[in-house]
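Visitor: I have a structure here, written as structure tokens, and I will follow up with some questions on it.
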Amino acid sequence: MRHCSVQVRGLLTRDELDRYNALMEVGSYLESQSRYDLAYTVQKEVDALIQPAIERLKDKGRERDRATAEYLASKRSGDGVDEDDA
């Protein structure tokens, strides 16, 4: 079973995280029993479950990029006021 990243896991809701952990446990058990055909199905469920968290992570990245661009634009135009100058 493939785990998702720590960043994605951190953005799962409590319900999603509980379901994720349960699915990973079931998938690991199935792999230990060499039932890779069923583990594949469980992995697909995990992949579908984490999609909303991946989108939330992408949104956070876009927001961070937007804030960085605004900051750099303000520094270029000279509108930025340092705290030392205020």
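Identifiers in this document derive from the order of the structure tokens: chains are assigned A, B, ..., residues are numbered from 1 separately in each chain, and ligands are numbered from 1 in order of occurrence.
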Contacts of segment 50-61 of chain A at 10 Å or less, counting only C-alpha atoms, minus same-chain residues fewer than 2 places along, as a ChimeraX atom specification?
Guide: /A:4-5,7-13,16-17,20,45-48,63-67
Visitor: Name the residues of chain A that fall into alpha helix (DSSP H) according to DSSP on the backbone, using the chain letters and numbers of this document, as number ranges by chain.
Guide: A: 6-10, 14-32, 36-77
Visitor: Expressed in Å to a single decimal, how great is the separation between atom CA of Asp37 of chain A and atom CA of Asp15 of chain A?
Guide: 26.2 Å
Visitor: Using atom CA of Tyr40 of chain A and atom CA of Val26 of chain A as the two end points, give the distance in Å to one decimal.
Guide: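 Going from atom CA of Tyr40 of chain A over to atom CA of Val26 of chain A, I get 11.2 Å.
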Visitor: At what distance in Å, to one decimal, does atom CA of Val42 of chain A lie from atom CA of Met1 of chain A?
Guide: 8.6 Å
